[in-house]
Every structure is written in C-alpha cells, then in structure tokens.
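**Student:** First, the structure itself, so that you have it in front of you.
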Amino acid sequence: MNPSGSRRRVLRHLAGLSALPAFLHLPRGAQAAEAAAATTTGPGDVPWQELAAAVRELIRVRSPLTECARGGNCDAIFAAVKNPYFTGDDVALTQTLGWVDAWTTQASPYAVAAYDWRDVATAVNFAREHRLRLAVKGGGHSYQGTSNAADSLLIWTRRMHATELHEAFVPAGCEGRIAPARAVSVGAGAMWSQVYDAVTTRGGGYVQGGGCLSVGVAGLIQSGGFGSFSKAFGLAAASLLEAELVTADGERRIANACTHPDLFWALKGGGGGSFGVVTRLTLQVHELPETFGAVNFTVRAGSPEAFRRLIALALDQYADRMFNPHWGEQIRVRRGNVLEIAMVFQGLTRGEAADVWEPLFKATDAAGSDYSVDFSPLKIVATSARDFWAPTLIKRTFGFIKRDDRPGAAETNVFWPGDQGQAGQVVHGYQSTWLPARLLASGQRGALVDALFAASRHWHVSLHVNKGLAGASPGVIAAARDTATNPVVLEAFALAISGAEEQPAYPGVPGHEPDVALARTRAQAIAQAATELRRLVPEAGSYLAESDYFEADWRRAFWGSNYERLAQVKATYDPQGLFTVHHGVGSPDTPPRKA
C-alpha cells in the first residue's frame, strides 16, 4: 500500500464534503446510555481534512453490514464473517457482531489506520482537541463491544503487526537492574497466530498468549490474558516486559518495571482502552516443552443420577491426577446429561497422558450401560510442541486446524475449528465465575458436584481449568500477583463459564435479525446456572474479558482490591477521561438488562 497515495485519495474525497452525514445507526439499549455519558462532538462538526493531512491513512469507513441492510449482498457478507481473518481485516467489522439488549457493532465514520506511534499520537491529539470519542481496535474480539463506538474516531492498529525476536532483551532504563532475557517485540495489531509462528514454529520458543489464534495481542495482554497452558506459564500479562503507548496527552511513553512502573502495572490486566493506546509490546519468551497434546471425548449418561456420579468422577479425576501445570482447557458439564472433555497437556508423552486418564476410562467402562463414550475423531494425540500451531497437511486433512480460505491469505492465518463459532456471533448471555481451589478438597467436593449438576439443569457450564492459577508453580503465582488482575485468580482452580450465542445476525436485515426473545430466555437460564455456583462463592469475581455485560459489581468482580490503585493510575495519565470503554477503569455504570 502507498500511504501517501491513500492520504491524497482521502483528501480528494473530503474536499467535496461540507459536512459528514449523520451516522447510520444510533446506539441501542445500554450502549446508548454509556455513549451519552461520554462528552463528545458530533462528527459532522469536525474538520476531518486536517486529520487526513496529518496521518498516513485516514479511512472513510463503510460497514458491509449497513450496506447489506440497505439492500446489498447479505448472503455473501454473512458467510464471509465466519472467517475471523476476513472480519479482522475489515476496518468496519468486529469479531462479535453484538449482544442482544446491550450493543450492536457500529462502524466509526472515520478511522486512522496507524502505522506507528506517530499516527496514534496525531489521532489522540485530534480527538482530544475536538472532543471526539475514541475507539481502538486491533483484533476486535471484545465481547463487551469496547473496540467500536458510534460517532467515534477509530484508531485501527492492524497495520502494526511486525514481530522481532531478541536473544537478550533488557527494558529501557533497567540496565544493571534486570537481567537480559529472551523476548519478542510485537506490534499492537498482531494476532497470536502470527506471534506463535514467529516464536514457536520458526523460533523454537514459547510465548504465553491466547488459545484463540485470531485474538489481538494487545487486547489480550491488557485484559490479563490466559492461554491453554496458563498453569505452566502464567498470565499473558505477567510476561510483559515493556510496552510502548500513547497516553491521553499525545505523548509516546515507554512503560516497564523501571520507567512509568505504575502505568506498566496497570497495563498488565487493567483493561484495554483505558490508560492509552498501546502500539508495541515486548514479551518474555519461555523455554518450549518437548510436547503439546490434546484429549477429546464425550460421555453421555443414561440418567440424571448417573450424570451426577459422572460429574463426581470427573472432579475426582481432575483433583487427584490433573491439578498441576501439565493440564489446561475445558471440562464441560452440559445439559442433556453430557460431559465433554476438551483438554490439552504440555510436557507429557502420549503414553503418560493416557495413563493419567485410565482411572476415568475404567470407571465408565465398569458402569456398563450408564455411560456411552465417544472418542471421535481421536481420543489422545501428542505432537512436537514446535509443530503445535503449524498448519501441517495432516492437521488440515483431519480438520484439526482451519485456514483462511481467501485467495492469497497468509500461511499464518489459521484457527481452531472450535473457535469459528465466535466469528460473527451475537451474544445472548454470558457469565463467568472464579472457582477457588478449596472446592476441590474432599470435604467440599460434594458441594461442587451438586452445584454443577444443579447448574446443568438450567444451562451448560464449562470449567476452564487453564483460567485459574491455583496448582501453578510459586514463580507463576508471584508473577501474576504483580499484575492488575483480580487476586482471586491466584486461588482459583478454574473459571466457570456459561454462555450462549447465535450465528451472524444484524438488526434491520430481513432473515438475519437477532432472535431477541430466544436471547432473553437463554440469558435467564444462564443467570440461573451461574446462581447455582455463586451460592458456593458469592463474591468470587469474574474475568473482565469473558463476563456479563450487565455485571453490576464489575469493579470488584474484575479487579477486586486492585481497583483503587488502577483508578489512581487513570487519574494520573488520563485525568479528563479521554479513554472511555464499557466497564473500564473510571468509566460509568451500565443500566440493567431489559426484563
């Protein structure tokens, strides 16, 4: 792309405009109240020509969804958004298209495509001077809708995606205080698929990032960030060594343990879009294990009583044999008396992993007709850790990994089939709850079994055991303690998640309208399932990136005792509240969901 040519084209387009037309879709529901709380100028009153002349690329944004609503090719766009890389490459789109009664994805009228921190600084200064609301998007995966806002100026970081490996990195100003370490510097617009390719497939190291490969790096780090192997390698935010960002005053700052340490701490889990616009991150590179592997199977119980016993067997299996840094991902307790195992392991051979599961397999076999076990397609697989994210022929042939199917797409544009359901989704409801490790103790395990069984009468519950750090090494715990994430994660063995969604939908598109009635029914069922668990842990807290949009006590739930310190950092670096996101530090409350 020729940035200068892009700027000239934008300038020619702007020259013929006396004022920007009114935005196509006004905020809806809770999103409207939140937008009204931000002090902004209408985009029609802004001298966009000045911004176009000052940045390398200013984009007049047109959403294919709104074009579809006006009579465009709806079938094509609703098929295309199921490719997460198509969605990520379109400035107007977000990975989640909305949340019923909460928000609907809405493109900014203009976006600055940032190539470095200078473009970002220009955009920040322009927004501050003209009292514009800012939105920032890299991967665009926010369930809460924080990477889009009506009538805002969007800073789009997708162009900043370079990765650079360092054999002996020392953060700026930390010479003689912090030992050199292997690290990788990553542009804020990079996705984890790109980083894993550079660090693991080609570099032979490991960087702690997201399990979903099309998630943006910067957003995950600022949310705290869990990968599939978090009990072994800790929070993604805990691996942050240094960040480059632009703060509300338009200044470029380098934040690390020695320079702006308070801001550095806040970036490690304090939430994206609240303290500045991150442009580059440097992350620790860990030693790569010999093997990564996966275990997948489903067990169907013949009766509710048998299912309760099955939940107990699964918890015994986990507590006695898997509550350690080798294991991660999910144990799913589903409606219909179904248990799904979708777990990964590191540092074990296939035979060692199989031995771990043998007691459960023997127990289900001995129960005869009470249980039906489905091992399709493969029960236990292991691979060289270096090849785990590589799009090899065998993975593509057996459907273990999918690729961006657009002509000319990069080899690194891969994703797990199980994550495709998130692409283009509309959320109906979502709840998450940290489950403390004390519930695995023999005297309390029965109560947890009962709560999970009761929850499954209402909705599915998935135990993400990689999203609780109890069972990790002391070093992992200490590093996580030095982040802004709610400290309850240190004592949690899992994050229990219940959620529901529908596939691509958008208001005003005949045949593709969100199913509001179904969404409200499901949201109620999800809330009932979460209530069963929260009877055991009434103040357990939630993970801010995977939580209820309508969480009433969100400051405590997301950050616990860390919130007051985060608010002080916010007041220091953004005293006027330029950066406002849903349930972000210093942001307003949200009205409750409609009945």
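By order of appearance in the structure tokens: chains A, B, ..., then residues from 1 within every chain, and ligands from 1 in the order shown.
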What lies within 7 Å of Ala135 in chain A using only C-alpha atoms, ignoring chain neighbours under 2 positions off, as an MDAnalysis selection string?
**Tutor:** chainID A and resid 133 137 147:149 152:155
**Student:** For the selection you just gave me, I'd like the residues written to a file as a PDB file, in the first residue's frame, keeping C-alpha atoms.
**Tutor:**
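Dumped to again25.pdb:
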```pdb
ATOM      1  CA  ARG A 133     -14.900   9.812  21.490  1.00  0.00           C
ATOM      2  CA  LYS A 137      -9.302  -1.816  17.529  1.00  0.00           C
ATOM      3  CA  SER A 147     -13.462  -1.890  20.081  1.00  0.00           C
ATOM      4  CA  ASN A 148     -16.301   0.032  18.428  1.00  0.00           C
ATOM      5  CA  ALA A 149     -18.395   3.065  19.299  1.00  0.00           C
ATOM      6  CA  SER A 152     -16.213   7.900  17.357  1.00  0.00           C
ATOM      7  CA  LEU A 153     -12.810   8.247  15.746  1.00  0.00           C
ATOM      8  CA  LEU A 154     -11.359   4.764  15.400  1.00  0.00           C
ATOM      9  CA  ILE A 155      -7.659   4.091  15.831  1.00  0.00           C
TER      10      ILE A 155
END
```
**Student:** Compile the contact shell of range 94-108 of chain A as a PyMOL selection string: residues with an atom at most 8 Å away, counting only C-alpha atoms, same-chain residues fewer than 2 positions apart removed.
**Tutor:** chain A and resi 25+27-31+61-63+81+84+87-88+92+110-111+139-145+147-154+422-429+504-506+514+516+519-520+549+593-594
**Student:** List the neighbours of Leu288 in chain A out to 10 Å using only C-alpha atoms; skip same-chain residues closer than 5 positions along the sequence, and give me the result as a VMD selection string.
**Tutor:** chain A and resid 199 to 200 203 to 207 346 to 347 384 to 386
**Student:** For Val585 in chain A, please output as a list in words all residues within 7 Å (counting only C-alpha atoms; exclusion window: fewer than 2 positions along the same chain).
**Tutor:** Ser274, Leu566, Ala567, His583 and Ser587 of chain A
**Student:** If you keep N, CA and C atoms, can you produce a file of those selected residues as a CSV table (one decimal), in the first residue's frame?
**Tutor:**
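File part.csv, as written:
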```
chain,number,residue,atom,x,y,z
A,274,SER,N,-8.2,2.0,28.3
A,274,SER,CA,-8.5,2.8,29.5
A,274,SER,C,-7.3,3.7,29.8
A,566,LEU,N,-5.7,1.1,40.4
A,566,LEU,CA,-6.0,1.4,39.0
A,566,LEU,C,-6.6,2.8,38.8
A,567,ALA,N,-7.5,3.1,39.6
A,567,ALA,CA,-8.2,4.4,39.5
A,567,ALA,C,-7.2,5.6,39.7
A,583,HIS,N,-17.3,-0.7,31.1
A,583,HIS,CA,-16.7,-1.3,32.3
A,583,HIS,C,-15.2,-1.2,32.4
A,587,SER,N,-14.8,4.4,34.1
A,587,SER,CA,-16.0,4.5,33.2
A,587,SER,C,-17.3,4.4,34.0
```
**Student:** Produce a table with one row for each residue of range 225-279 of chain A that has an atom at most 6 Å from any atom of range 471-486 of chain A, each row naming the nearest atom pair and its distance in Å at one decimal; use only C-alpha atoms; arrange rows by chain and rising residue number; format as a Markdown table.
**Tutor:**
```
| residue | atom | partner | partner_atom | distance |
| --- | --- | --- | --- | --- |
| A:Lys231 | CA | A:Ala472 | CA | 4.6 |
| A:Gly234 | CA | A:Val476 | CA | 5.1 |
| A:Ala238 | CA | A:Ala479 | CA | 5.5 |
| A:Trp265 | CA | A:Thr483 | CA | 5.8 |
| A:Ala266 | CA | A:Ala484 | CA | 5.8 |
| A:Lys268 | CA | A:Thr483 | CA | 5.2 |
| A:Gly269 | CA | A:Ala484 | CA | 4.9 |
| A:Gly270 | CA | A:Ala484 | CA | 5.4 |
```
**Student:** Which residue is closest to Tyr573 in chain A? Choose from A:Ala451, A:Val277, A:Leu65, A:Leu533 and count only C-alpha atoms.
**Tutor:**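 Looking only at the distances to Tyr573 in chain A, the closest residue turns out to be A:Val277.
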**Student:** Using only C-alpha atoms, determine which residues lie at most 9 Å from Trp389 in chain A, disregarding the query and same-chain residues fewer than 2 positions distant; provide the list as an NGL selection string.
**Tutor:** :A and (193 or 196-197 or 200-201 or 213 or 385-387 or 391-392 or 401 or 412 or 414-415)
**Student:** Let's see if you can do this: from backbone DSSP, list all helix (DSSP H, G or I) residues in range 322-373 of chain A, as an MDAnalysis selection string.
**Tutor:** chainID A and resid 350:366 368:370
**Student:** Residues as selected, C-alpha atoms, written as a short mmCIF file (atom, residue, chain, number, x, y, z; two decimals), in the first residue's frame, can you do that?
**Tutor:**
```cif
data_model
loop_
_atom_site.label_atom_id
_atom_site.label_comp_id
_atom_site.auth_asym_id
_atom_site.auth_seq_id
_atom_site.Cartn_x
_atom_site.Cartn_y
_atom_site.Cartn_z
CA ARG A 350 1.07 -39.54 24.71
CA GLY A 351 1.54 -42.64 26.87
CA GLU A 352 1.95 -40.60 30.05
CA ALA A 353 -1.21 -38.62 29.23
CA ALA A 354 -3.14 -41.83 28.56
CA ASP A 355 -2.07 -43.24 31.94
CA VAL A 356 -3.45 -40.14 33.66
CA TRP A 357 -6.91 -40.80 32.19
CA GLU A 358 -7.00 -44.55 32.75
CA PRO A 359 -8.95 -44.43 36.06
CA LEU A 360 -11.81 -42.49 34.48
CA PHE A 361 -11.98 -44.78 31.47
CA LYS A 362 -12.05 -47.84 33.72
CA ALA A 363 -14.81 -46.34 35.85
CA THR A 364 -17.05 -45.54 32.89
CA ASP A 365 -16.41 -48.98 31.36
CA ALA A 366 -17.33 -50.67 34.64
CA GLY A 368 -21.89 -50.54 31.70
CA SER A 369 -24.99 -49.01 30.14
CA ASP A 370 -24.93 -45.99 32.45
#
```
**Student:** Quote the spacing between CA of Thr122 in chain A and CA of Thr247 in chain A in Å to one decimal place.
**Tutor:**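 We find that CA of Thr122 in chain A and CA of Thr247 in chain A lie 11.4 Å from each other.
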**Student:** Considering only C-alpha atoms, return as a list of chain:residue names whatever protein or nucleic-acid residues lie within 9 Å of range 220-222 of chain A, sequence-local ones (same chain, fewer than 3 positions apart) excluded.
**Tutor:**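 With the cut-off at 9 Å, the set is A:Gly209, A:Gly210, A:Val215, A:Gly216, A:Val217, A:Gly225, A:Phe226, A:Leu235, A:Ala236, A:Ala237, A:Ala238, A:Ser239, A:Leu240, A:Ala266, A:Leu267, A:Lys268, A:Gly269, A:Gly270, A:Gly271, A:Gly272, A:Gly273, A:Leu281, A:Ala545.
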**Student:** Measuring between only C-alpha atoms, which one of A:Ala127, A:Gly72, A:Ala114, A:Gly577 shows the shortest distance to Glu50 in chain A?
**Tutor:** A:Ala127
**Student:** Enter the distance from CA of Gln284 in chain A to CA of Asp119 in chain A, in Å, rounded to one decimal.
**Tutor:**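 Between CA of Gln284 in chain A and CA of Asp119 in chain A the gap works out to 26.9 Å.
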**Student:** Which residue, A:Gly250, A:Gly189, A:Gly176, A:Gly293, has the smallest gap to Thr349 in chain A when you use only C-alpha atoms?
**Tutor:**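 Selected residue with least distance to Thr349 in chain A: A:Gly293.
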**Student:** Apply DSSP to the backbone of this structure and, from range 371-545 of chain A, keep only the residues in strand (DSSP E or B); write these as a ChimeraX atom specification.
**Tutor:** /A:371-374,380-384,402-403,414-415,425-436,461-464,492-502,543
**Student:** Take the residues just selected and output them with N, CA and C atoms as a compact mmCIF listing (two decimals), in the first residue's frame.
**Tutor:**
```txt
# COMPACT_ATOMS: atom_id res chain seq x y z
N TYR A 371 -23.19 -45.30 30.88
CA TYR A 371 -22.43 -44.30 30.14
C TYR A 371 -22.11 -44.78 28.74
N SER A 372 -22.17 -43.84 27.80
CA SER A 372 -21.77 -44.07 26.42
C SER A 372 -20.65 -43.11 26.11
N VAL A 373 -19.49 -43.63 25.69
CA VAL A 373 -18.31 -42.81 25.48
C VAL A 373 -18.02 -42.72 23.98
N ASP A 374 -17.81 -41.49 23.51
CA ASP A 374 -17.50 -41.23 22.10
C ASP A 374 -16.10 -40.63 22.03
N ILE A 380 -6.68 -39.29 22.25
CA ILE A 380 -5.50 -38.63 22.79
C ILE A 380 -4.47 -38.48 21.67
N VAL A 381 -3.99 -37.24 21.48
CA VAL A 381 -2.95 -37.00 20.48
C VAL A 381 -1.84 -36.19 21.13
N ALA A 382 -0.63 -36.37 20.63
CA ALA A 382 0.51 -35.58 21.09
C ALA A 382 1.36 -35.23 19.87
N THR A 383 2.04 -34.11 19.95
CA THR A 383 2.86 -33.66 18.84
C THR A 383 4.06 -32.92 19.38
N SER A 384 5.05 -32.75 18.54
CA SER A 384 6.15 -31.86 18.89
C SER A 384 5.58 -30.48 19.18
N LYS A 402 -7.93 -25.04 10.80
CA LYS A 402 -8.51 -24.47 9.59
C LYS A 402 -7.69 -23.27 9.16
N ARG A 403 -7.76 -22.99 7.86
CA ARG A 403 -7.02 -21.86 7.31
C ARG A 403 -7.97 -20.84 6.70
N VAL A 414 -4.44 -19.13 10.50
CA VAL A 414 -5.05 -20.40 10.88
C VAL A 414 -5.88 -20.20 12.14
N PHE A 415 -6.81 -21.13 12.38
CA PHE A 415 -7.62 -21.07 13.59
C PHE A 415 -8.14 -22.45 13.91
N GLN A 425 -20.49 -13.90 15.80
CA GLN A 425 -21.55 -14.27 16.75
C GLN A 425 -22.30 -13.04 17.27
N VAL A 426 -23.53 -13.27 17.71
CA VAL A 426 -24.28 -12.31 18.50
C VAL A 426 -24.55 -12.97 19.84
N VAL A 427 -24.08 -12.36 20.91
CA VAL A 427 -24.17 -12.96 22.24
C VAL A 427 -25.58 -12.81 22.79
N HIS A 428 -26.07 -13.90 23.38
CA HIS A 428 -27.36 -13.87 24.06
C HIS A 428 -27.19 -13.65 25.56
N GLY A 429 -26.18 -14.26 26.12
CA GLY A 429 -25.91 -14.11 27.54
C GLY A 429 -24.56 -14.71 27.87
N TYR A 430 -23.95 -14.27 28.98
CA TYR A 430 -22.62 -14.74 29.32
C TYR A 430 -22.37 -14.47 30.80
N GLN A 431 -21.84 -15.47 31.48
CA GLN A 431 -21.49 -15.32 32.90
C GLN A 431 -20.20 -16.08 33.15
N SER A 432 -19.36 -15.57 34.03
CA SER A 432 -18.18 -16.31 34.44
C SER A 432 -17.95 -16.14 35.93
N THR A 433 -17.38 -17.17 36.55
CA THR A 433 -17.20 -17.20 38.00
C THR A 433 -15.89 -17.92 38.33
N TRP A 434 -15.02 -17.26 39.09
CA TRP A 434 -13.82 -17.95 39.57
C TRP A 434 -14.21 -18.98 40.62
N LEU A 435 -13.67 -20.18 40.51
CA LEU A 435 -13.94 -21.25 41.48
C LEU A 435 -12.67 -21.52 42.29
N PRO A 436 -12.68 -21.23 43.59
CA PRO A 436 -11.47 -21.41 44.40
C PRO A 436 -11.10 -22.88 44.55
N VAL A 461 -22.24 -25.49 31.63
CA VAL A 461 -21.15 -24.85 32.37
C VAL A 461 -19.85 -25.49 31.92
N SER A 462 -18.88 -24.65 31.58
CA SER A 462 -17.57 -25.14 31.18
C SER A 462 -16.54 -24.69 32.21
N LEU A 463 -15.78 -25.65 32.74
CA LEU A 463 -14.72 -25.35 33.69
C LEU A 463 -13.43 -25.15 32.90
N HIS A 464 -12.99 -23.90 32.78
CA HIS A 464 -11.74 -23.59 32.09
C HIS A 464 -10.62 -23.65 33.12
N ALA A 492 -7.89 -19.61 42.47
CA ALA A 492 -8.93 -20.29 41.69
C ALA A 492 -8.31 -21.44 40.90
N PHE A 493 -9.01 -22.59 40.88
CA PHE A 493 -8.54 -23.69 40.05
C PHE A 493 -9.13 -23.62 38.65
N ALA A 494 -10.23 -22.84 38.47
CA ALA A 494 -10.89 -22.77 37.16
C ALA A 494 -11.76 -21.52 37.10
N LEU A 495 -12.08 -21.13 35.88
CA LEU A 495 -13.10 -20.14 35.61
C LEU A 495 -14.29 -20.88 35.02
N ALA A 496 -15.43 -20.81 35.69
CA ALA A 496 -16.65 -21.46 35.20
C ALA A 496 -17.39 -20.49 34.30
N ILE A 497 -17.63 -20.91 33.06
CA ILE A 497 -18.26 -20.04 32.06
C ILE A 497 -19.54 -20.68 31.55
N SER A 498 -20.60 -19.87 31.48
CA SER A 498 -21.84 -20.25 30.81
C SER A 498 -22.17 -19.15 29.81
N GLY A 499 -22.46 -19.54 28.59
CA GLY A 499 -22.76 -18.54 27.58
C GLY A 499 -23.61 -19.11 26.46
N ALA A 500 -24.20 -18.24 25.68
CA ALA A 500 -24.99 -18.65 24.51
C ALA A 500 -24.91 -17.55 23.47
N GLU A 501 -25.00 -17.96 22.21
CA GLU A 501 -24.91 -17.01 21.11
C GLU A 501 -25.68 -17.56 19.93
N GLU A 502 -25.89 -16.71 18.94
CA GLU A 502 -26.41 -17.16 17.65
C GLU A 502 -25.42 -16.73 16.59
N TYR A 543 -13.79 -12.79 35.17
CA TYR A 543 -12.70 -12.36 34.29
C TYR A 543 -13.26 -11.30 33.35
```
**Student:** For a test of reading the model, state the distance in Å between CA of Phe558 in chain A and CA of Ser542 in chain A, rounded to one decimal.
**Tutor:**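 CA of Ser542 in chain A lies at a distance of 5.5 Å from CA of Phe558 in chain A.
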**Student:** Identify which of the residues A:Val489, A:Phe579, A:Ala294, A:Asp515 lies closest to Ala557 in chain A, counting only C-alpha atoms when measuring atom-to-atom distances.
**Tutor:**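 For Ala557 in chain A, the nearest of the candidates is A:Val489.
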